[in-house]
Structure formats: C-alpha cells, structure tokens
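Source file: protein.tsv; contents: TSV, C-alpha atoms and all ligand atoms.
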```tsv
chain	number	residue	atom	x	y	z
N	1	MET	CA	0.00	0.00	0.00
N	2	LYS	CA	1.25	3.48	-0.87
N	3	PRO	CA	2.09	5.87	1.99
N	4	VAL	CA	-0.51	8.38	3.14
N	5	GLU	CA	1.18	11.25	1.31
N	6	ASP	CA	0.34	9.58	-2.02
N	7	VAL	CA	-2.90	10.08	-3.93
N	8	LEU	CA	-4.11	8.41	-7.11
N	9	ILE	CA	-6.20	10.75	-9.26
N	10	VAL	CA	-8.37	8.87	-11.76
N	11	VAL	CA	-9.31	11.24	-14.56
N	12	ASP	CA	-12.60	11.11	-16.45
N	13	VAL	CA	-13.32	7.38	-16.69
N	14	GLN	CA	-16.75	7.99	-18.20
N	15	PRO	CA	-18.75	6.27	-20.97
N	16	ASP	CA	-18.64	9.29	-23.30
N	17	PHE	CA	-14.84	8.89	-23.51
N	18	MET	CA	-15.05	5.15	-24.24
N	19	PRO	CA	-15.37	3.47	-27.66
N	20	GLY	CA	-18.95	4.11	-28.80
N	21	GLY	CA	-19.20	7.23	-26.65
N	22	ALA	CA	-19.79	10.82	-27.74
N	23	LEU	CA	-16.08	11.76	-27.59
N	24	ALA	CA	-14.53	8.34	-27.85
N	25	VAL	CA	-10.88	7.85	-26.97
N	26	ALA	CA	-9.50	4.88	-28.93
N	27	ARG	CA	-9.11	1.88	-26.59
N	28	GLY	CA	-10.20	4.07	-23.69
N	29	ASP	CA	-11.97	1.12	-22.11
N	30	GLU	CA	-8.64	-0.69	-21.70
N	31	VAL	CA	-7.69	1.59	-18.82
N	32	VAL	CA	-10.52	0.41	-16.59
N	33	PRO	CA	-9.06	-2.95	-15.44
N	34	VAL	CA	-5.60	-1.40	-15.08
N	35	ILE	CA	-6.98	1.39	-12.89
N	36	ASN	CA	-9.01	-1.06	-10.80
N	37	ARG	CA	-5.84	-3.04	-10.14
N	38	ILE	CA	-3.57	-0.13	-9.23
N	39	ALA	CA	-6.21	1.71	-7.19
N	40	ALA	CA	-6.22	-1.19	-4.75
N	41	GLY	CA	-2.68	-0.17	-3.81
N	42	PHE	CA	-3.67	3.37	-2.82
N	43	SER	CA	-5.48	4.25	0.39
N	44	HIS	CA	-6.26	7.70	-1.07
N	45	VAL	CA	-8.00	7.91	-4.43
N	46	VAL	CA	-9.75	10.91	-6.01
N	47	LEU	CA	-11.92	10.60	-9.11
N	48	THR	CA	-12.67	13.34	-11.62
N	49	GLN	CA	-15.75	13.62	-13.75
N	50	ASP	CA	-16.17	15.86	-16.80
N	51	TRP	CA	-19.56	17.46	-16.10
N	52	HIS	CA	-20.90	20.06	-18.52
N	53	PRO	CA	-24.16	21.98	-18.86
N	54	ARG	CA	-25.71	21.32	-22.29
N	55	SER	CA	-25.02	24.96	-23.20
N	56	HIS	CA	-21.26	24.52	-22.60
N	57	VAL	CA	-18.82	26.72	-24.53
N	58	SER	CA	-16.62	23.75	-25.52
N	59	PHE	CA	-19.35	22.14	-27.64
N	60	ALA	CA	-19.10	22.84	-31.39
N	61	ALA	CA	-22.89	22.52	-31.55
N	62	ASN	CA	-23.18	25.71	-29.48
N	63	HIS	CA	-21.29	27.79	-32.10
N	64	ALA	CA	-23.05	28.42	-35.44
N	65	GLY	CA	-21.16	26.98	-38.39
N	66	ARG	CA	-18.49	25.27	-36.27
N	67	GLN	CA	-17.53	21.61	-36.44
N	68	PRO	CA	-16.10	19.35	-33.74
N	69	PHE	CA	-12.29	19.33	-33.46
N	70	GLU	CA	-11.92	22.84	-34.91
N	71	THR	CA	-10.14	25.38	-32.74
N	72	MET	CA	-11.79	28.63	-31.69
N	73	THR	CA	-10.47	31.68	-29.86
N	74	LEU	CA	-12.37	32.33	-26.65
N	75	PRO	CA	-11.80	35.16	-24.14
N	76	TYR	CA	-9.40	32.92	-22.19
N	77	GLY	CA	-7.52	31.57	-25.22
N	78	GLU	CA	-7.63	28.82	-27.81
N	79	GLN	CA	-10.28	26.17	-27.29
N	80	VAL	CA	-10.75	22.93	-29.20
N	81	LEU	CA	-14.45	22.52	-29.98
N	82	TRP	CA	-15.69	19.09	-29.03
N	83	PRO	CA	-18.75	17.00	-29.83
N	84	VAL	CA	-21.42	17.34	-27.14
N	85	HIS	CA	-20.16	15.10	-24.32
N	86	CYS	CA	-20.49	14.46	-20.59
N	87	VAL	CA	-23.66	16.49	-20.20
N	88	GLN	CA	-24.61	16.69	-16.53
N	89	ASP	CA	-26.80	13.85	-15.34
N	90	THR	CA	-26.66	11.83	-18.58
N	91	GLU	CA	-25.50	8.22	-18.88
N	92	GLY	CA	-22.42	9.26	-20.84
N	93	ALA	CA	-21.29	11.45	-17.95
N	94	ALA	CA	-21.64	8.78	-15.27
N	95	LEU	CA	-18.60	7.03	-13.87
N	96	HIS	CA	-17.91	3.94	-15.98
N	97	ARG	CA	-19.88	1.02	-14.66
N	98	ASP	CA	-16.85	-1.29	-14.54
N	99	LEU	CA	-14.71	1.19	-12.61
N	100	HIS	CA	-14.36	-0.39	-9.19
N	101	VAL	CA	-12.81	2.00	-6.70
N	102	PRO	CA	-15.20	1.85	-3.76
N	103	HIS	CA	-12.71	3.54	-1.45
N	104	ALA	CA	-12.39	6.71	-3.59
N	105	ARG	CA	-12.78	9.64	-1.19
N	106	MET	CA	-13.77	12.46	-3.45
N	107	VAL	CA	-15.15	13.15	-6.91
N	108	VAL	CA	-14.12	16.42	-8.54
N	109	ARG	CA	-16.62	17.54	-11.15
N	110	LYS	CA	-15.08	19.90	-13.68
N	111	GLY	CA	-16.27	21.89	-16.68
N	112	HIS	CA	-19.47	22.91	-14.93
N	113	HIS	CA	-19.02	26.63	-15.66
N	114	GLU	CA	-20.91	27.38	-18.88
N	115	HIS	CA	-18.27	29.73	-20.34
N	116	VAL	CA	-15.06	27.98	-19.28
N	117	ASP	CA	-13.77	24.52	-20.09
N	118	SER	CA	-11.68	22.59	-17.58
N	119	TYR	CA	-9.33	19.87	-18.73
N	120	SER	CA	-7.33	20.11	-15.53
N	121	ALA	CA	-8.55	18.73	-12.21
N	122	PHE	CA	-6.83	21.71	-10.52
N	123	LEU	CA	-7.42	24.87	-12.58
N	124	GLU	CA	-10.05	25.67	-15.16
N	125	ALA	CA	-9.06	26.59	-18.72
N	126	ASP	CA	-9.08	30.32	-17.94
N	127	ARG	CA	-6.02	29.35	-15.83
N	128	THR	CA	-7.32	31.34	-12.86
N	129	THR	CA	-10.40	29.58	-11.48
N	130	PRO	CA	-9.39	26.84	-9.03
N	131	THR	CA	-11.43	23.66	-8.64
N	132	GLY	CA	-10.39	23.45	-4.97
N	133	LEU	CA	-8.41	20.23	-5.44
N	134	THR	CA	-5.03	21.82	-4.59
N	135	GLY	CA	-6.32	22.95	-1.19
N	136	TYR	CA	-8.00	19.61	-0.53
N	137	LEU	CA	-4.80	17.68	-1.28
N	138	ARG	CA	-2.66	20.00	0.86
N	139	ASP	CA	-5.16	19.80	3.73
N	140	THR	CA	-5.09	16.00	3.61
N	141	GLY	CA	-1.28	15.82	3.66
N	142	VAL	CA	-0.69	14.76	0.06
N	143	ARG	CA	2.79	15.29	-1.37
N	144	ARG	CA	2.83	12.93	-4.34
N	145	VAL	CA	0.19	12.78	-7.11
N	146	TRP	CA	-0.19	9.73	-9.38
N	147	LEU	CA	-2.39	10.14	-12.45
N	148	ALA	CA	-4.36	7.69	-14.59
N	149	GLY	CA	-7.33	7.95	-16.93
N	150	LEU	CA	-8.46	9.83	-20.03
N	151	ALA	CA	-7.20	11.44	-22.07
N	152	THR	CA	-3.41	11.43	-21.73
N	153	ASP	CA	-2.92	14.49	-23.93
N	154	TYR	CA	-5.73	16.64	-22.53
N	155	CYS	CA	-7.17	16.14	-19.07
N	156	VAL	CA	-4.37	13.94	-17.72
N	157	ALA	CA	-1.59	16.18	-19.10
N	158	TRP	CA	-3.19	19.43	-17.93
N	159	SER	CA	-3.78	17.93	-14.50
N	160	ALA	CA	-0.19	16.68	-14.30
N	161	LEU	CA	1.25	20.07	-15.26
N	162	ASP	CA	-0.93	21.84	-12.70
N	163	ALA	CA	-0.02	19.31	-10.01
N	164	ARG	CA	3.66	20.05	-10.66
N	165	ALA	CA	3.03	23.80	-10.65
N	166	ALA	CA	1.32	23.42	-7.27
N	167	GLY	CA	4.46	21.74	-5.93
N	168	PHE	CA	3.40	18.09	-5.86
N	169	GLU	CA	5.70	15.33	-7.02
N	170	THR	CA	3.81	14.06	-10.06
N	171	ILE	CA	3.81	10.70	-11.82
N	172	VAL	CA	1.72	9.62	-14.82
N	173	ILE	CA	1.02	5.90	-15.17
N	174	GLU	CA	1.22	5.60	-18.94
N	175	ASP	CA	-0.56	2.29	-19.52
N	176	ALA	CA	-3.43	3.43	-17.29
N	177	CYS	CA	-4.09	6.26	-19.78
N	178	ARG	CA	-5.16	6.53	-23.43
N	179	ALA	CA	-4.87	9.56	-25.73
N	180	ILE	CA	-7.02	11.45	-28.22
N	181	ASP	CA	-3.86	12.46	-30.20
N	182	LEU	CA	-5.22	15.32	-32.27
N	183	ASP	CA	-2.55	16.85	-34.59
N	184	GLY	CA	0.41	15.60	-32.57
N	185	SER	CA	-1.10	16.50	-29.22
N	186	LEU	CA	0.18	13.34	-27.52
N	187	ALA	CA	3.86	13.93	-28.34
N	188	ARG	CA	3.46	17.57	-27.33
N	189	ALA	CA	1.83	16.61	-24.04
N	190	TRP	CA	4.65	14.21	-23.12
N	191	ARG	CA	7.27	16.79	-24.06
N	192	ASP	CA	5.57	19.38	-21.83
N	193	MET	CA	5.06	16.97	-18.95
N	194	LEU	CA	8.59	15.55	-18.96
N	195	GLY	CA	10.00	19.08	-19.35
N	196	ALA	CA	8.06	20.14	-16.25
N	197	GLY	CA	9.49	17.26	-14.21
N	198	VAL	CA	6.53	14.89	-14.40
N	199	ARG	CA	7.64	11.26	-14.18
N	200	ARG	CA	6.37	8.59	-16.59
N	201	VAL	CA	5.96	5.03	-15.32
N	202	THR	CA	3.93	1.93	-16.16
N	203	SER	CA	1.65	0.04	-13.82
N	204	ASN	CA	4.22	-2.81	-13.81
N	205	ASP	CA	6.86	-0.44	-12.45
N	206	ILE	CA	4.62	0.35	-9.46
N	207	GLU	CA	3.61	-3.22	-8.78
N	208	THR	CA	7.16	-4.57	-9.11
N	209	ARG	CA	8.39	-1.99	-6.65
N	210	GLU	CA	5.51	-2.79	-4.29
N	211	THR	CA	6.55	-6.42	-4.06
N	212	THR	CA	10.25	-5.66	-3.57
N	213	THR	CA	9.89	-3.06	-0.82
N	301	ZN	ZN	-15.37	18.11	-21.57
```

Please go through the file and, once you have read it, give me the structure as structure tokens.
Amino acid sequence: MKPVEDVLIVVDVQPDFMPGGALAVARGDEVVPVINRIAAGFSHVVLTQDWHPRSHVSFAANHAGRQPFETMTLPYGEQVLWPVHCVQDTEGAALHRDLHVPHARMVVRKGHHEHVDSYSAFLEADRTTPTGLTGYLRDTGVRRVWLAGLATDYCVAWSALDARAAGFETIVIEDACRAIDLDGSLARAWRDMLGAGVRRVTSNDIETRETTT
C-alpha cells in the first residue's frame, strides 16, 4: 500500500470517452481494469468527472457553423471545440460502470461553468479559477500525485502540469491512460510533462516496486 502522502487521481473514466461514446478515446476502455488493479494499492483515491451543462462553450454545436475538433479563440484563449459530451446527469457522464474504486474519497466535477472549459482537475481553462483540489490535497497531507485515466494528452496532461506547478511530485502511469492524439497533441503533451518534471511510469513499475519493498 502506498504511503498516506500519495494520492491516485483517476481522470474522467466515463462512458462518453469510451469506444462508442460521444467523444470516444481509442481503446479508452482498456484503462478500466488497469486502474481497478492499481487503485487497490492506494489508500487515497480521487476521481474526476467531466460534467458540462448542455449549453457549454466547448461544444461545437453551441457555435453556429463550427464543427467538432476545430479550434476557436475564446476570451481565455484557444479552445478545441468538441462534440457534445459528458452532459450533466446523462449516462455518458456517469462514472464507468466497470470502474471499481469503492474507497475513492472524493469526486471532482469539472467543466461545470458554462463559459469555461476545464481539462485540468486543478485549474479551469481560464487558468485562474481553481477547482479546490489543490487545497484539498494540501489539507489532507498529500505530497505525491499519481495520475491515470483519459485522455493522456488533454485532461491527464493538464492535471499533471498543474499538479507540478502546485508543488506536488507528479507521476503519470502511462498504460493506465489513453490519448485522443489530435494533430500531434500526444507527443506535445509528453514533451511538456517531462519538461516540467513529471515522471512517466507503467503500472508494472509500481507493482514490481511494491513487491520488492
Ligand atoms: Zn469536456
């Protein structure tokens, strides 16, 4: 079991990000059993849930003449326009039914502000509005953040960079994540994360170390 200063943050394991979902991440469903396995080794687990109003600014359908995956300039910067996904209180926004982390302590719902997207579990896309997660983790004595979930190059990467910026040691478990990879976004995300001091491991690295220590 990981020490109490470790937290596993499980990002956006929701049906809309799975094959067949509204914003499907290729092989996104493959992360579920990996996450279930590694989560058992953490006493502290936090889940995130993308959770948008139907009128959300990130949906291409809410901008006349715009198509999903185009980029648009919003008051806070460049925004990729997405298909309608993870609408509050729909089946696609629920936690995935096979995700089995009964001991998760908190669920952070993000992207609930109509005019601001939030890839990161820590800071919304305007880069100023906090979700409250930094304070929660500090208050509960966390020093090291492990990340898994969807998608590597968006919500996982933004969360990892913000965790580093907030002063947490940060580790991404690569095989517990899958990427969207839009126009080279995956390579860019890894470059940014590794450049910021985020560590990249696989679930085997964790489990091997667990059995040898
Ligand atoms: Zn979203």

Would you pick out the contacts of N:Glu30 at 9 Å or less, using all atoms listed in the file, so that residues sharing its chain but fewer than 2 positions from it are not included, and give the list as a PyMOL selection string? chain N and resi 27-28+32-34+175-178

Requested write-out: C-alpha atoms of the selected residues, as a short mmCIF file (atom, residue, chain, number, x, y, z; two decimals), in the coordinates of the input:
```cif
data_model
loop_
_atom_site.label_atom_id
_atom_site.label_comp_id
_atom_site.auth_asym_id
_atom_site.auth_seq_id
_atom_site.Cartn_x
_atom_site.Cartn_y
_atom_site.Cartn_z
CA ARG N 27 -9.11 1.88 -26.59
CA GLY N 28 -10.20 4.07 -23.69
CA VAL N 32 -10.52 0.41 -16.59
CA PRO N 33 -9.06 -2.95 -15.44
CA VAL N 34 -5.60 -1.40 -15.08
CA ASP N 175 -0.56 2.29 -19.52
CA ALA N 176 -3.43 3.43 -17.29
CA CYS N 177 -4.09 6.26 -19.78
CA ARG N 178 -5.16 6.53 -23.43
#
```

Taking only residues of chain N that have an atom at most 8 Å from an atom of ligand ZN 301 (chain N), what is each one's shortest atom pair and its distance in Å to one decimal, using all atoms listed in the file, in chain and number order, as CSV?
```
residue,atom,partner,partner_atom,distance
N:Asp50,CA,N:ZN301,ZN,5.3
N:Trp51,CA,N:ZN301,ZN,6.9
N:His52,CA,N:ZN301,ZN,6.6
N:Ser58,CA,N:ZN301,ZN,7.0
N:Trp82,CA,N:ZN301,ZN,7.5
N:His85,CA,N:ZN301,ZN,6.3
N:Cys86,CA,N:ZN301,ZN,6.4
N:Gly111,CA,N:ZN301,ZN,6.2
N:Asp117,CA,N:ZN301,ZN,6.8
N:Ser118,CA,N:ZN301,ZN,7.0
N:Tyr119,CA,N:ZN301,ZN,6.9
```

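Interatomic distance, atom CA of N:Leu81 to atom CA of N:Ala179: 16.7 Å.
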
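As for atom CA of N:Pro68 and atom CA of N:Leu95, they are spaced 23.5 Å apart.
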
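Computed from the coordinates, the atom CA of N:Arg199 to atom CA of N:Ile173 distance equals 8.6 Å.
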
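Take the candidates N:Ser120, N:Gly77, N:Ile35, N:Phe42 and check each one against N:His100 using only C-alpha atoms; the shortest distance goes to N:Ile35.
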
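Closest to N:Val4 among N:Leu161, N:Val45, N:Val101, N:Ile180 is N:Val45, based on all atoms listed in the file.
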
Applying 8 Å and all atoms listed in the file, which residues near N:His56 remain after dropping the ones on its own chain fewer than 3 positions away? List them as an NGL selection string. :N and (52-53 or 59 or 62 or 113-117)

Can you spit out the residues from that selection as a JSON list (two decimals), in the frame of the given file, using C-alpha atoms?
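Written output follows (selection.json):
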```
[["chain", "number", "residue", "atom", "x", "y", "z"],
["N", 52, "HIS", "CA", -20.90, 20.06, -18.52],
["N", 53, "PRO", "CA", -24.16, 21.98, -18.86],
["N", 59, "PHE", "CA", -19.35, 22.14, -27.64],
["N", 62, "ASN", "CA", -23.18, 25.71, -29.48],
["N", 113, "HIS", "CA", -19.02, 26.63, -15.66],
["N", 114, "GLU", "CA", -20.91, 27.38, -18.88],
["N", 115, "HIS", "CA", -18.27, 29.73, -20.34],
["N", 116, "VAL", "CA", -15.06, 27.98, -19.28],
["N", 117, "ASP", "CA", -13.77, 24.52, -20.09]]
```

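The nearest approach to N:Asp6 among the residues N:Ala24, N:Leu74, N:Leu47, N:Val145, with only C-alpha atoms taken into account, belongs to N:Val145.
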
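You can rank N:Gln79, N:Ser43, N:Ser159, N:Gln88 by their closest distance to N:Asp16 using all atoms listed in the file, and at the top of that list sits N:Gln88.
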
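Among the candidate residues N:Ala22, N:Ile206, N:Val107, N:Leu137, the one lying nearest to N:Ile171 is N:Ile206, with distances computed using all atoms listed in the file.
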
N:Gln14 surroundings by all atoms listed in the file, 7 Å radius, close-in-sequence under 4 positions cut, as a PyMOL selection string: chain N and resi 18+92-96
